[in-house]
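Here is input16.tsv, consisting of TSV, C-alpha atoms:
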chain	number	residue	atom	x	y	z
A	1	MET	CA	0.00	0.00	0.00
A	2	SER	CA	1.31	3.46	-0.93
A	3	ARG	CA	2.42	5.69	1.97
A	4	ARG	CA	2.51	8.95	0.02
A	5	PRO	CA	-0.88	10.36	1.19
A	6	PHE	CA	0.04	9.99	4.88
A	7	PRO	CA	2.29	13.11	5.16
A	8	ALA	CA	-0.38	15.14	3.37
A	9	LEU	CA	-2.81	14.25	6.13
A	10	LEU	CA	-0.38	15.58	8.72
A	11	VAL	CA	-0.02	19.00	7.10
A	12	ALA	CA	-3.68	19.34	6.14
A	13	PRO	CA	-4.73	21.44	9.15
A	14	LEU	CA	-1.91	23.96	8.60
A	15	ALA	CA	-2.61	24.08	4.88
A	16	LEU	CA	-6.28	24.80	5.45
A	17	ALA	CA	-5.43	27.46	7.97
A	18	LEU	CA	-3.23	29.46	5.63
A	19	LEU	CA	-4.95	28.77	2.32
A	20	SER	CA	-7.95	30.71	3.51
A	21	VAL	CA	-5.88	33.92	3.55
A	22	ALA	CA	-3.96	33.13	0.36
A	23	PHE	CA	-6.44	34.80	-2.00
A	24	PRO	CA	-8.58	37.14	0.10
A	25	SER	CA	-12.04	37.18	-1.45
A	26	VAL	CA	-10.91	37.22	-5.10
A	27	SER	CA	-13.65	36.04	-7.44
A	28	ARG	CA	-12.94	33.49	-10.16
A	29	ALA	CA	-13.69	36.09	-12.86
A	30	GLN	CA	-10.93	38.34	-11.50
A	31	GLN	CA	-8.23	35.66	-11.69
A	32	PRO	CA	-6.03	35.70	-14.83
A	33	ALA	CA	-6.52	33.01	-17.47
A	34	SER	CA	-2.79	32.20	-17.54
A	35	ILE	CA	0.27	32.78	-15.38
A	36	THR	CA	3.92	32.94	-16.41
A	37	ILE	CA	5.99	31.18	-13.79
A	38	GLN	CA	8.58	33.38	-12.08
A	39	PRO	CA	10.07	32.80	-8.62
A	40	ARG	CA	9.34	35.57	-6.15
A	41	PRO	CA	10.41	36.28	-2.58
A	42	VAL	CA	8.12	34.85	0.09
A	43	GLU	CA	8.17	35.03	3.85
A	44	ASP	CA	8.94	31.93	5.87
A	45	LEU	CA	6.23	31.72	8.50
A	46	LYS	CA	6.81	30.20	11.90
A	47	ALA	CA	3.95	29.13	14.16
A	48	VAL	CA	4.45	30.39	17.72
A	49	PHE	CA	2.24	30.94	20.73
A	50	ALA	CA	1.43	34.42	21.98
A	51	THR	CA	-0.46	35.48	25.08
A	52	VAL	CA	-3.14	38.15	25.30
A	53	GLU	CA	-1.86	40.87	27.61
A	54	SER	CA	-3.12	44.25	28.70
A	55	VAL	CA	-0.83	47.14	27.85
A	56	HIS	CA	-1.45	48.60	31.29
A	57	GLU	CA	-2.83	47.08	34.47
A	58	THR	CA	-3.99	49.42	37.22
A	59	LEU	CA	-5.22	48.94	40.77
A	60	ALA	CA	-8.29	50.36	42.47
A	61	ARG	CA	-7.29	51.16	46.06
A	62	THR	CA	-9.05	52.37	49.20
A	63	ARG	CA	-8.34	55.88	50.44
A	64	ILE	CA	-9.61	55.42	53.99
A	65	GLY	CA	-9.72	52.56	56.44
A	66	GLY	CA	-12.92	50.85	57.43
A	67	THR	CA	-15.23	48.03	56.40
A	68	ILE	CA	-16.39	47.08	52.91
A	69	ALA	CA	-20.07	47.93	53.11
A	70	GLU	CA	-21.02	47.32	49.48
A	71	LEU	CA	-19.09	45.53	46.72
A	72	LYS	CA	-20.56	46.21	43.28
A	73	VAL	CA	-18.25	44.34	40.87
A	74	LYS	CA	-16.92	40.86	40.25
A	75	GLU	CA	-14.21	39.33	38.10
A	76	GLY	CA	-14.78	39.86	34.38
A	77	ASP	CA	-16.98	42.95	34.67
A	78	LYS	CA	-16.27	45.83	32.30
A	79	VAL	CA	-15.95	49.18	34.05
A	80	THR	CA	-15.60	52.81	33.01
A	81	THR	CA	-13.55	55.60	34.53
A	82	GLY	CA	-15.17	56.87	37.72
A	83	GLN	CA	-17.55	53.92	38.12
A	84	LEU	CA	-18.29	52.97	41.74
A	85	LEU	CA	-16.63	49.65	42.58
A	86	ALA	CA	-17.10	49.44	46.34
A	87	THR	CA	-17.99	51.53	49.37
A	88	VAL	CA	-15.85	51.69	52.52
A	89	ARG	CA	-17.56	52.85	55.71
A	90	ASP	CA	-15.89	53.95	58.92
A	91	PRO	CA	-18.45	54.25	61.77
A	92	LYS	CA	-16.20	56.75	63.58
A	93	LEU	CA	-16.57	59.40	60.87
A	94	PRO	CA	-20.31	60.10	61.39
A	95	LEU	CA	-19.66	60.32	65.14
A	96	GLN	CA	-16.90	62.85	64.50
A	97	ILE	CA	-19.30	64.97	62.44
A	98	VAL	CA	-21.86	64.91	65.27
A	99	SER	CA	-19.17	65.94	67.74
A	100	LEU	CA	-17.97	68.78	65.53
A	101	ASP	CA	-21.53	70.03	65.02
A	102	ALA	CA	-21.97	70.23	68.78
A	103	ARG	CA	-18.68	72.13	69.21
A	104	ILE	CA	-19.66	74.53	66.42
A	105	GLN	CA	-22.97	75.25	68.18
A	106	ALA	CA	-21.10	75.93	71.44
A	107	LEU	CA	-18.71	78.29	69.70
A	108	GLN	CA	-21.59	80.07	68.00
A	109	ALA	CA	-23.14	80.65	71.44
A	110	GLN	CA	-19.82	82.05	72.69
A	111	GLN	CA	-19.65	84.28	69.60
A	112	HIS	CA	-23.14	85.59	70.29
A	113	GLN	CA	-22.19	86.40	73.90
A	114	ALA	CA	-18.99	88.10	72.75
A	115	GLU	CA	-20.91	90.21	70.25
A	116	LEU	CA	-23.29	91.35	73.03
A	117	GLU	CA	-20.32	92.33	75.20
A	118	LEU	CA	-18.79	94.20	72.26
A	119	ASP	CA	-21.99	96.13	71.64
A	120	ARG	CA	-22.24	97.10	75.31
A	121	ALA	CA	-18.58	98.17	75.40
A	122	GLN	CA	-19.06	100.33	72.32
A	123	ARG	CA	-22.06	102.12	73.87
A	124	LEU	CA	-20.23	102.72	77.14
A	125	ARG	CA	-17.20	104.02	75.31
A	126	ALA	CA	-19.35	106.40	73.27
A	127	SER	CA	-20.95	107.78	76.45
A	128	GLY	CA	-17.53	108.23	78.11
A	129	THR	CA	-18.17	105.82	80.96
A	130	GLY	CA	-16.31	102.85	79.45
A	131	THR	CA	-12.59	102.35	78.92
A	132	GLN	CA	-10.78	101.67	75.66
A	133	GLN	CA	-9.23	98.52	77.15
A	134	ARG	CA	-12.66	96.98	77.79
A	135	LEU	CA	-13.65	97.75	74.21
A	136	ASP	CA	-10.48	96.12	72.84
A	137	ASP	CA	-10.97	93.02	74.98
A	138	ALA	CA	-14.57	92.61	73.73
A	139	GLN	CA	-13.43	93.02	70.10
A	140	SER	CA	-10.71	90.39	70.59
A	141	ALA	CA	-13.21	87.92	72.10
A	142	VAL	CA	-15.46	88.27	69.06
A	143	ASP	CA	-12.56	87.73	66.67
A	144	VAL	CA	-11.36	84.63	68.54
A	145	ALA	CA	-14.87	83.13	68.52
A	146	ARG	CA	-15.21	83.68	64.78
A	147	ALA	CA	-11.81	82.12	64.08
A	148	GLN	CA	-12.62	79.08	66.22
A	149	ILE	CA	-15.90	78.55	64.36
A	150	ALA	CA	-14.10	78.76	60.99
A	151	ALA	CA	-11.54	76.20	62.16
A	152	MET	CA	-14.28	73.82	63.32
A	153	LYS	CA	-16.11	74.13	60.02
A	154	ALA	CA	-12.89	73.38	58.12
A	155	GLU	CA	-12.32	70.33	60.33
A	156	ARG	CA	-15.87	69.20	59.64
A	157	ALA	CA	-15.27	69.58	55.88
A	158	VAL	CA	-12.22	67.31	56.21
A	159	VAL	CA	-14.34	64.59	57.83
A	160	GLU	CA	-16.99	64.97	55.13
A	161	GLN	CA	-14.29	64.54	52.47
A	162	GLN	CA	-13.13	61.38	54.21
A	163	LEU	CA	-16.70	60.08	54.03
A	164	ARG	CA	-16.78	60.76	50.29
A	165	GLU	CA	-13.40	59.04	49.87
A	166	GLY	CA	-15.01	55.85	51.13
A	167	GLU	CA	-16.25	55.36	47.55
A	168	VAL	CA	-13.71	53.28	45.59
A	169	LEU	CA	-13.85	54.41	41.95
A	170	ALA	CA	-12.44	52.80	38.80
A	171	PRO	CA	-9.28	54.69	37.75
A	172	ALA	CA	-9.61	53.73	34.05
A	173	ASN	CA	-11.78	51.96	31.50
A	174	GLY	CA	-11.17	48.24	31.36
A	175	ARG	CA	-12.06	44.82	32.70
A	176	ILE	CA	-11.88	43.56	36.27
A	177	LEU	CA	-9.22	40.86	36.54
A	178	GLN	CA	-9.27	40.18	40.27
A	179	VAL	CA	-11.35	41.31	43.24
A	180	LYS	CA	-9.24	41.22	46.38
A	181	VAL	CA	-11.92	41.83	49.04
A	182	ILE	CA	-15.38	40.63	50.05
A	183	ASP	CA	-18.35	42.32	51.69
A	184	GLY	CA	-17.65	43.00	55.35
A	185	ALA	CA	-13.86	42.81	55.02
A	186	VAL	CA	-11.80	45.25	57.07
A	187	VAL	CA	-9.42	47.34	54.93
A	188	VAL	CA	-6.73	49.91	55.62
A	189	PRO	CA	-5.90	53.01	53.55
A	190	GLY	CA	-4.17	52.07	50.30
A	191	GLU	CA	-5.36	48.45	50.26
A	192	THR	CA	-6.17	46.99	46.82
A	193	VAL	CA	-9.84	46.34	46.11
A	194	ALA	CA	-9.57	45.21	42.46
A	195	SER	CA	-7.07	44.99	39.63
A	196	ILE	CA	-8.18	46.34	36.26
A	197	ALA	CA	-6.82	45.56	32.79
A	198	THR	CA	-7.15	48.63	30.61
A	199	GLU	CA	-9.01	48.41	27.30
A	200	THR	CA	-5.85	48.29	25.19
A	201	TYR	CA	-4.83	44.65	24.60
A	202	VAL	CA	-1.86	43.24	22.68
A	203	LEU	CA	-0.49	39.84	21.78
A	204	ARG	CA	2.85	39.26	23.50
A	205	LEU	CA	5.15	37.02	21.47
A	206	HIS	CA	8.22	35.17	22.73
A	207	LEU	CA	10.52	34.05	19.90
A	208	PRO	CA	13.88	32.26	20.00
A	209	GLU	CA	16.94	34.48	19.95
A	210	ARG	CA	17.87	33.43	16.40
A	211	HIS	CA	14.72	35.13	15.09
A	212	ALA	CA	15.46	38.47	16.76
A	213	ARG	CA	17.02	40.01	13.65
A	214	PHE	CA	13.89	39.27	11.58
A	215	MET	CA	11.44	41.06	13.90
A	216	HIS	CA	10.69	44.69	13.06
A	217	GLU	CA	7.96	47.13	13.95
A	218	GLY	CA	5.19	47.08	11.36
A	219	ASP	CA	5.73	43.45	10.30
A	220	PRO	CA	2.45	41.58	9.64
A	221	VAL	CA	1.36	38.58	11.70
A	222	LEU	CA	-1.46	36.06	11.26
A	223	VAL	CA	-3.50	35.06	14.30
A	224	GLY	CA	-5.31	31.74	14.53
A	225	ASN	CA	-8.45	30.68	16.34
A	226	ARG	CA	-8.95	30.70	20.07
A	227	GLY	CA	-8.32	27.66	22.21
A	228	LEU	CA	-4.91	26.87	20.64
A	229	ALA	CA	-6.67	25.32	17.63
A	230	PRO	CA	-5.39	26.02	14.09
A	231	ALA	CA	-7.73	28.22	12.09
A	232	THR	CA	-9.85	26.33	9.56
A	233	PRO	CA	-12.36	27.94	7.19
A	234	GLN	CA	-15.93	26.79	7.05
A	235	ALA	CA	-16.69	24.23	4.41
A	236	THR	CA	-19.25	26.45	2.73
A	237	ALA	CA	-17.35	29.75	3.09
A	238	PRO	CA	-15.62	31.27	0.05
A	239	ILE	CA	-11.88	31.57	-0.03
A	240	GLY	CA	-10.71	34.38	2.23
A	241	GLU	CA	-13.47	34.11	4.86
A	242	THR	CA	-11.95	32.47	7.94
A	243	ALA	CA	-11.25	33.01	11.61
A	244	LEU	CA	-7.63	33.96	10.86
A	245	LYS	CA	-6.97	37.58	11.76
A	246	ARG	CA	-4.26	39.93	10.64
A	247	GLY	CA	-2.16	41.93	13.06
A	248	THR	CA	0.90	44.15	13.10
A	249	VAL	CA	4.00	44.13	15.27
A	250	ARG	CA	3.78	47.34	17.33
A	251	GLN	CA	6.91	47.01	19.45
A	252	VAL	CA	10.03	44.85	19.66
A	253	TYR	CA	11.66	45.01	23.08
A	254	PRO	CA	15.42	45.62	22.96
A	255	GLU	CA	16.24	43.21	25.79
A	256	LEU	CA	16.35	39.43	25.46
A	257	SER	CA	14.68	37.49	28.25
A	258	GLY	CA	15.66	33.87	28.83
A	259	GLY	CA	17.17	33.61	25.36
A	260	GLN	CA	14.01	34.92	23.72
A	261	VAL	CA	13.05	38.16	22.00
A	262	VAL	CA	9.78	39.69	23.20
A	263	ALA	CA	7.47	41.59	20.85
A	264	ASP	CA	3.93	42.98	21.00
A	265	ALA	CA	1.42	42.76	18.15
A	266	THR	CA	-1.85	44.66	17.81
A	267	VAL	CA	-4.90	42.71	16.61
A	268	THR	CA	-8.52	43.85	16.56
A	269	GLY	CA	-11.04	41.99	18.68
A	270	LEU	CA	-8.74	41.01	21.55
A	271	GLY	CA	-11.16	42.53	24.06
A	272	ASP	CA	-13.24	39.33	23.90
A	273	PHE	CA	-10.26	37.12	24.83
A	274	PHE	CA	-9.19	36.14	28.33
A	275	VAL	CA	-6.18	38.05	29.59
A	276	GLY	CA	-3.34	35.54	29.56
A	277	GLU	CA	-5.00	33.32	26.93
A	278	ARG	CA	-2.57	31.69	24.50
A	279	VAL	CA	-3.18	32.06	20.77
A	280	ARG	CA	-1.42	30.53	17.77
A	281	VAL	CA	0.39	33.20	15.74
A	282	TYR	CA	2.30	32.94	12.46
A	283	VAL	CA	5.26	35.33	12.13
A	284	ALA	CA	7.77	35.88	9.33
A	285	THR	CA	11.27	34.58	10.15
A	286	GLY	CA	13.06	35.17	6.82
A	287	THR	CA	12.70	35.52	3.06
A	288	ARG	CA	13.37	33.03	0.26
A	289	GLN	CA	12.56	32.53	-3.44
A	290	ALA	CA	9.62	30.29	-4.30
A	291	ILE	CA	7.21	29.46	-7.12
A	292	VAL	CA	3.62	30.12	-6.05
A	293	VAL	CA	0.48	29.13	-7.95
A	294	PRO	CA	-3.25	29.47	-7.15
A	295	PRO	CA	-4.39	26.50	-5.07
A	296	ASP	CA	-7.47	25.77	-7.20
A	297	TRP	CA	-5.35	25.46	-10.38
A	298	ILE	CA	-3.80	22.24	-9.08
A	299	VAL	CA	-5.57	19.07	-10.25
A	300	ARG	CA	-5.09	15.94	-8.16
A	301	ARG	CA	-5.58	12.54	-9.76
A	302	PHE	CA	-4.55	9.14	-8.44
A	303	GLY	CA	-2.49	10.72	-5.64
A	304	THR	CA	-0.50	12.95	-8.03
A	305	ASP	CA	-0.78	16.71	-8.49
A	306	PHE	CA	-0.86	18.20	-12.02
A	307	LEU	CA	-0.75	21.69	-13.53
A	308	ARG	CA	-1.94	22.43	-17.06
A	309	LEU	CA	0.50	24.21	-19.38
A	310	ALA	CA	-0.40	26.68	-22.12
A	311	ASP	CA	0.20	24.03	-24.85
A	312	GLY	CA	-2.56	21.86	-23.36
A	313	THR	CA	-0.32	19.29	-21.69
A	314	GLU	CA	-0.28	18.54	-18.01
A	315	THR	CA	2.88	18.31	-15.96
A	316	PRO	CA	3.15	16.50	-12.61
A	317	VAL	CA	4.33	18.74	-9.78
A	318	GLN	CA	5.29	18.34	-6.17
A	319	VAL	CA	3.57	20.88	-3.97
A	320	GLY	CA	4.74	22.25	-0.66
A	321	GLY	CA	3.05	24.30	2.01
A	322	PRO	CA	0.65	27.19	1.59
A	323	ILE	CA	1.98	30.73	1.11
A	324	PRO	CA	-0.32	33.38	2.63
A	325	ALA	CA	-0.90	36.79	1.10
A	326	LEU	CA	1.32	39.31	2.88
A	327	ASP	CA	2.47	42.85	2.05
A	328	GLY	CA	0.23	43.04	-1.02
A	329	GLN	CA	1.63	39.85	-2.58
A	330	PRO	CA	-0.94	37.20	-3.60
A	331	GLY	CA	-0.69	33.89	-1.83
A	332	GLY	CA	-1.19	30.33	-2.97
A	333	ILE	CA	0.53	26.95	-2.93
A	334	GLU	CA	4.29	26.60	-3.29
A	335	VAL	CA	5.47	24.30	-6.10
A	336	LEU	CA	8.69	22.51	-5.15
A	337	SER	CA	9.38	20.75	-8.45
A	338	GLY	CA	7.84	20.18	-11.87
A	339	LEU	CA	7.93	23.82	-13.09
A	340	LYS	CA	10.71	26.12	-14.21
A	341	PRO	CA	10.85	29.88	-14.72
A	342	GLY	CA	9.18	30.90	-17.97
A	343	ASP	CA	6.57	28.13	-18.03
A	344	VAL	CA	3.04	29.34	-18.71
A	345	ILE	CA	0.23	27.61	-16.85
A	346	VAL	CA	-3.48	28.01	-17.52
A	347	ARG	CA	-6.54	27.57	-15.41
A	348	PRO	CA	-8.03	24.05	-15.76
A	349	GLU	CA	-11.45	23.72	-17.32
A	350	GLY	CA	-14.31	23.79	-14.88
A	351	VAL	CA	-12.44	25.93	-12.29

I need this file expressed as structure tokens, please.
Amino acid sequence: MSRRPFPALLVAPLALALLSVAFPSVSRAQQPASITIQPRPVEDLKAVFATVESVHETLARTRIGGTIAELKVKEGDKVTTGQLLATVRDPKLPLQIVSLDARIQALQAQQHQAELELDRAQRLRASGTGTQQRLDDAQSAVDVARAQIAAMKAERAVVEQQLREGEVLAPANGRILQVKVIDGAVVVPGETVASIATETYVLRLHLPERHARFMHEGDPVLVGNRGLAPATPQATAPIGETALKRGTVRQVYPELSGGQVVADATVTGLGDFFVGERVRVYVATGTRQAIVVPPDWIVRRFGTDFLRLADGTETPVQVGGPIPALDGQPGGIEVLSGLKPGDVIVRPEGV
């Protein structure tokens, strides 16, 4: 029994994953009727794993000590800047306000008495029966009472501000990663209530050191399906419609970590992923010359692949892996042998 089809079965998932982006949504009528074979540079793609990371992670902290009276969020919730996450209550603060109100009332009574004494001293001084010293003492008593009342009101405003600071607010838009407290928990000032991943997400790639010289900002990447599964198009979907996404390298870090180069790639739709989720990514690790033909121009009969030449004959070819469309270059299937530069191939009948 022939063993040739067995390797093809092994590479089938990868071939399906990349063929779907080879010719993005090009109709059959738009394809040329013939192609003159010429080698062209193609990118060698390497499949690596990247993790979904938040560009920034911030913490929502308490500003006063007390007890968590109301917790309004849980892990996974999306929050906006200024949204109430929890409420911290300190039972001593309302008591302090009551105490300050009583002291303010006492001082206001003293102020009223001092104002009466001042009025009496002014009348006596005007009639010539009172001394200037008594008038000055009465004026000083009124001024001291007013200053003490102002100080008490300022102290009361401080306590009111502390009450307002019991509300723990979200410092940025994002998603709750972890909630560190529960209802009824005792917290101190500065304690973390929740950690928040901001809305900007990237794919963090870790590549071997030998690939560091090939990574540059702006390089394209291809992102596979979730769940570490290779991307496969639907059976009924036209070529080009698949779960594979395109991204761009946004930053290459200048420091190697553990013999690996670290890079970040931006891809749309990462907000629906779990932070820390691993995703299959295809990155370019070099350039080489290759002959690339449309995948639907290859005819397979009896376990052998054929391409039709312009003179009407068919030539057997050995095909390699899929070549995706990158940087404006059309993709297809690489032909390893059976063609030479200058050959003209035509589209088979019925395709």

Which residues are near stretch 164-177 of chain A? Cut-off 10 Å, all atoms listed in the file, ignore same chain within fewer than 4 positions. Put them as an mmCIF file with C-alpha atoms, in the coordinates of the input.
data_model
loop_
_atom_site.group_PDB
_atom_site.id
_atom_site.type_symbol
_atom_site.label_atom_id
_atom_site.label_comp_id
_atom_site.auth_asym_id
_atom_site.auth_seq_id
_atom_site.Cartn_x
_atom_site.Cartn_y
_atom_site.Cartn_z
ATOM 1 C CA SER A 54 -3.120 44.250 28.700
ATOM 2 C CA HIS A 56 -1.450 48.600 31.290
ATOM 3 C CA GLU A 57 -2.830 47.080 34.470
ATOM 4 C CA THR A 58 -3.990 49.420 37.220
ATOM 5 C CA LEU A 59 -5.220 48.940 40.770
ATOM 6 C CA ALA A 60 -8.290 50.360 42.470
ATOM 7 C CA ARG A 61 -7.290 51.160 46.060
ATOM 8 C CA THR A 62 -9.050 52.370 49.200
ATOM 9 C CA ARG A 63 -8.340 55.880 50.440
ATOM 10 C CA ILE A 64 -9.610 55.420 53.990
ATOM 11 C CA GLY A 65 -9.720 52.560 56.440
ATOM 12 C CA GLY A 66 -12.920 50.850 57.430
ATOM 13 C CA THR A 67 -15.230 48.030 56.400
ATOM 14 C CA ILE A 68 -16.390 47.080 52.910
ATOM 15 C CA ALA A 69 -20.070 47.930 53.110
ATOM 16 C CA GLU A 70 -21.020 47.320 49.480
ATOM 17 C CA LEU A 71 -19.090 45.530 46.720
ATOM 18 C CA VAL A 73 -18.250 44.340 40.870
ATOM 19 C CA LYS A 74 -16.920 40.860 40.250
ATOM 20 C CA GLU A 75 -14.210 39.330 38.100
ATOM 21 C CA GLY A 76 -14.780 39.860 34.380
ATOM 22 C CA ASP A 77 -16.980 42.950 34.670
ATOM 23 C CA LYS A 78 -16.270 45.830 32.300
ATOM 24 C CA VAL A 79 -15.950 49.180 34.050
ATOM 25 C CA THR A 80 -15.600 52.810 33.010
ATOM 26 C CA THR A 81 -13.550 55.600 34.530
ATOM 27 C CA GLY A 82 -15.170 56.870 37.720
ATOM 28 C CA GLN A 83 -17.550 53.920 38.120
ATOM 29 C CA LEU A 84 -18.290 52.970 41.740
ATOM 30 C CA LEU A 85 -16.630 49.650 42.580
ATOM 31 C CA ALA A 86 -17.100 49.440 46.340
ATOM 32 C CA THR A 87 -17.990 51.530 49.370
ATOM 33 C CA VAL A 88 -15.850 51.690 52.520
ATOM 34 C CA ARG A 89 -17.560 52.850 55.710
ATOM 35 C CA ASP A 90 -15.890 53.950 58.920
ATOM 36 C CA VAL A 158 -12.220 67.310 56.210
ATOM 37 C CA VAL A 159 -14.340 64.590 57.830
ATOM 38 C CA GLU A 160 -16.990 64.970 55.130
ATOM 39 C CA PRO A 189 -5.900 53.010 53.550
ATOM 40 C CA THR A 192 -6.170 46.990 46.820
ATOM 41 C CA VAL A 193 -9.840 46.340 46.110
ATOM 42 C CA ALA A 194 -9.570 45.210 42.460
ATOM 43 C CA SER A 195 -7.070 44.990 39.630
ATOM 44 C CA ILE A 196 -8.180 46.340 36.260
ATOM 45 C CA ALA A 197 -6.820 45.560 32.790
ATOM 46 C CA THR A 198 -7.150 48.630 30.610
ATOM 47 C CA GLU A 199 -9.010 48.410 27.300
ATOM 48 C CA THR A 200 -5.850 48.290 25.190
ATOM 49 C CA TYR A 201 -4.830 44.650 24.600
ATOM 50 C CA GLY A 271 -11.160 42.530 24.060
ATOM 51 C CA PHE A 274 -9.190 36.140 28.330
ATOM 52 C CA VAL A 275 -6.180 38.050 29.590
#

* To do: Find the residues near A:Ala109: any atom within 10 Å, counting only C-alpha atoms, skip ones fewer than 6 places away on the same chain, and give them as a PyMOL selection string.
  => chain A and resi 103+115+145

Which residues come within 12 Å of A:Leu100, counting only C-alpha atoms, excluding same-chain residues fewer than 2 positions away, as a PDB file with C-alpha atoms, in the frame of the given file?
ATOM      1  CA  LEU A  93     -16.570  59.400  60.870  1.00  0.00           C
ATOM      2  CA  PRO A  94     -20.310  60.100  61.390  1.00  0.00           C
ATOM      3  CA  LEU A  95     -19.660  60.320  65.140  1.00  0.00           C
ATOM      4  CA  GLN A  96     -16.900  62.850  64.500  1.00  0.00           C
ATOM      5  CA  ILE A  97     -19.300  64.970  62.440  1.00  0.00           C
ATOM      6  CA  VAL A  98     -21.860  64.910  65.270  1.00  0.00           C
ATOM      7  CA  ALA A 102     -21.970  70.230  68.780  1.00  0.00           C
ATOM      8  CA  ARG A 103     -18.680  72.130  69.210  1.00  0.00           C
ATOM      9  CA  ILE A 104     -19.660  74.530  66.420  1.00  0.00           C
ATOM     10  CA  GLN A 105     -22.970  75.250  68.180  1.00  0.00           C
ATOM     11  CA  ALA A 106     -21.100  75.930  71.440  1.00  0.00           C
ATOM     12  CA  LEU A 107     -18.710  78.290  69.700  1.00  0.00           C
ATOM     13  CA  GLN A 148     -12.620  79.080  66.220  1.00  0.00           C
ATOM     14  CA  ILE A 149     -15.900  78.550  64.360  1.00  0.00           C
ATOM     15  CA  ALA A 150     -14.100  78.760  60.990  1.00  0.00           C
ATOM     16  CA  ALA A 151     -11.540  76.200  62.160  1.00  0.00           C
ATOM     17  CA  MET A 152     -14.280  73.820  63.320  1.00  0.00           C
ATOM     18  CA  LYS A 153     -16.110  74.130  60.020  1.00  0.00           C
ATOM     19  CA  ALA A 154     -12.890  73.380  58.120  1.00  0.00           C
ATOM     20  CA  GLU A 155     -12.320  70.330  60.330  1.00  0.00           C
ATOM     21  CA  ARG A 156     -15.870  69.200  59.640  1.00  0.00           C
ATOM     22  CA  ALA A 157     -15.270  69.580  55.880  1.00  0.00           C
ATOM     23  CA  VAL A 158     -12.220  67.310  56.210  1.00  0.00           C
ATOM     24  CA  VAL A 159     -14.340  64.590  57.830  1.00  0.00           C
ATOM     25  CA  GLU A 160     -16.990  64.970  55.130  1.00  0.00           C
TER      26      GLU A 160
END

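Across the structure, atom CA of A:Asp305 and atom CA of A:Thr285 are spaced 28.5 Å apart.
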
* Residue among A:Arg210, A:Val293, A:Gln162, A:Leu205 lying closest to A:Pro91, counting only C-alpha atoms ->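 Among the listed residues, A:Gln162 lies closest to A:Pro91.
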
* What does the distance from atom CA of A:Thr287 to atom CA of A:Thr36 come to in Å, to one decimal? ->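 Pair atom CA of A:Thr287 / atom CA of A:Thr36 returns 21.5 Å.
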
* Kindly give the distance, in Å, that separates atom CA of A:Leu307 and atom CA of A:Gly321, rounded to a single decimal. => 16.2 Å

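Among the candidates A:Arg213, A:Arg125, A:Arg288, A:Arg347, the one nearest to A:Val42 when counting all atoms listed in the file is A:Arg288.
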
* **A:Gln251 surroundings by all atoms listed in the file, 9 Å radius, close-in-sequence under 2 positions cut, as a list in words** => His216, Glu217, Gly218, Val249, Tyr253, Val262, Ala263, Asp264 and Ala265 of chain A

Taking C-alpha atoms for each residue, export the selection above as a PDB file, in the coordinates of the input.
ATOM      1  CA  HIS A 216      10.690  44.690  13.060  1.00  0.00           C
ATOM      2  CA  GLU A 217       7.960  47.130  13.950  1.00  0.00           C
ATOM      3  CA  GLY A 218       5.190  47.080  11.360  1.00  0.00           C
ATOM      4  CA  VAL A 249       4.000  44.130  15.270  1.00  0.00           C
ATOM      5  CA  TYR A 253      11.660  45.010  23.080  1.00  0.00           C
ATOM      6  CA  VAL A 262       9.780  39.690  23.200  1.00  0.00           C
ATOM      7  CA  ALA A 263       7.470  41.590  20.850  1.00  0.00           C
ATOM      8  CA  ASP A 264       3.930  42.980  21.000  1.00  0.00           C
ATOM      9  CA  ALA A 265       1.420  42.760  18.150  1.00  0.00           C
TER      10      ALA A 265
END

* Asked: Which protein, DNA or RNA residues have an atom at most 10 Å from (-4.5, 24.5, -24.1), counting only C-alpha atoms? List them as a list in words.
  -> Arg308, Leu309, Ala310, Asp311, Gly312, Thr313, Glu314, Ile345, Val346, Arg347, Pro348 and Glu349 of chain A

* Using all atoms listed in the file, pick whichever of A:Leu207, A:Val202, A:Arg246, A:Lys180 has the shortest atom-to-atom distance to A:Asn225. => A:Arg246

* **Residue with smallest distance to A:Ile333 - pool A:Val317, A:Val181, A:Leu270, A:Leu203, counting all atoms listed in the file** =>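 Smallest distance to A:Ile333 is found for A:Val317.
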
Since the input is missing atoms, can you rebuild N, CA and C atoms for stretch 202-208 of chain A and write them as an mmCIF file, in the frame of the given file?
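Saved result, rebuild_32.cif, follows:
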data_model
loop_
_atom_site.group_PDB
_atom_site.id
_atom_site.type_symbol
_atom_site.label_atom_id
_atom_site.label_comp_id
_atom_site.auth_asym_id
_atom_site.auth_seq_id
_atom_site.Cartn_x
_atom_site.Cartn_y
_atom_site.Cartn_z
ATOM 1 N N VAL A 202 -2.841 43.600 23.704
ATOM 2 C CA VAL A 202 -1.860 43.240 22.680
ATOM 3 C C VAL A 202 -1.592 41.737 22.796
ATOM 4 N N LEU A 203 -0.997 41.203 21.747
ATOM 5 C CA LEU A 203 -0.490 39.840 21.780
ATOM 6 C C LEU A 203 1.010 39.909 22.066
ATOM 7 N N ARG A 204 1.431 39.256 23.126
ATOM 8 C CA ARG A 204 2.850 39.260 23.500
ATOM 9 C C ARG A 204 3.499 37.980 23.001
ATOM 10 N N LEU A 205 4.474 38.151 22.096
ATOM 11 C CA LEU A 205 5.150 37.020 21.470
ATOM 12 C C LEU A 205 6.508 36.808 22.108
ATOM 13 N N HIS A 206 6.895 35.541 22.251
ATOM 14 C CA HIS A 206 8.220 35.170 22.730
ATOM 15 C C HIS A 206 8.848 34.269 21.666
ATOM 16 N N LEU A 207 9.888 34.778 20.992
ATOM 17 C CA LEU A 207 10.520 34.050 19.900
ATOM 18 C C LEU A 207 11.949 33.695 20.282
ATOM 19 N N PRO A 208 12.476 32.599 19.734
ATOM 20 C CA PRO A 208 13.880 32.260 20.000
ATOM 21 C C PRO A 208 14.823 33.381 19.560
#
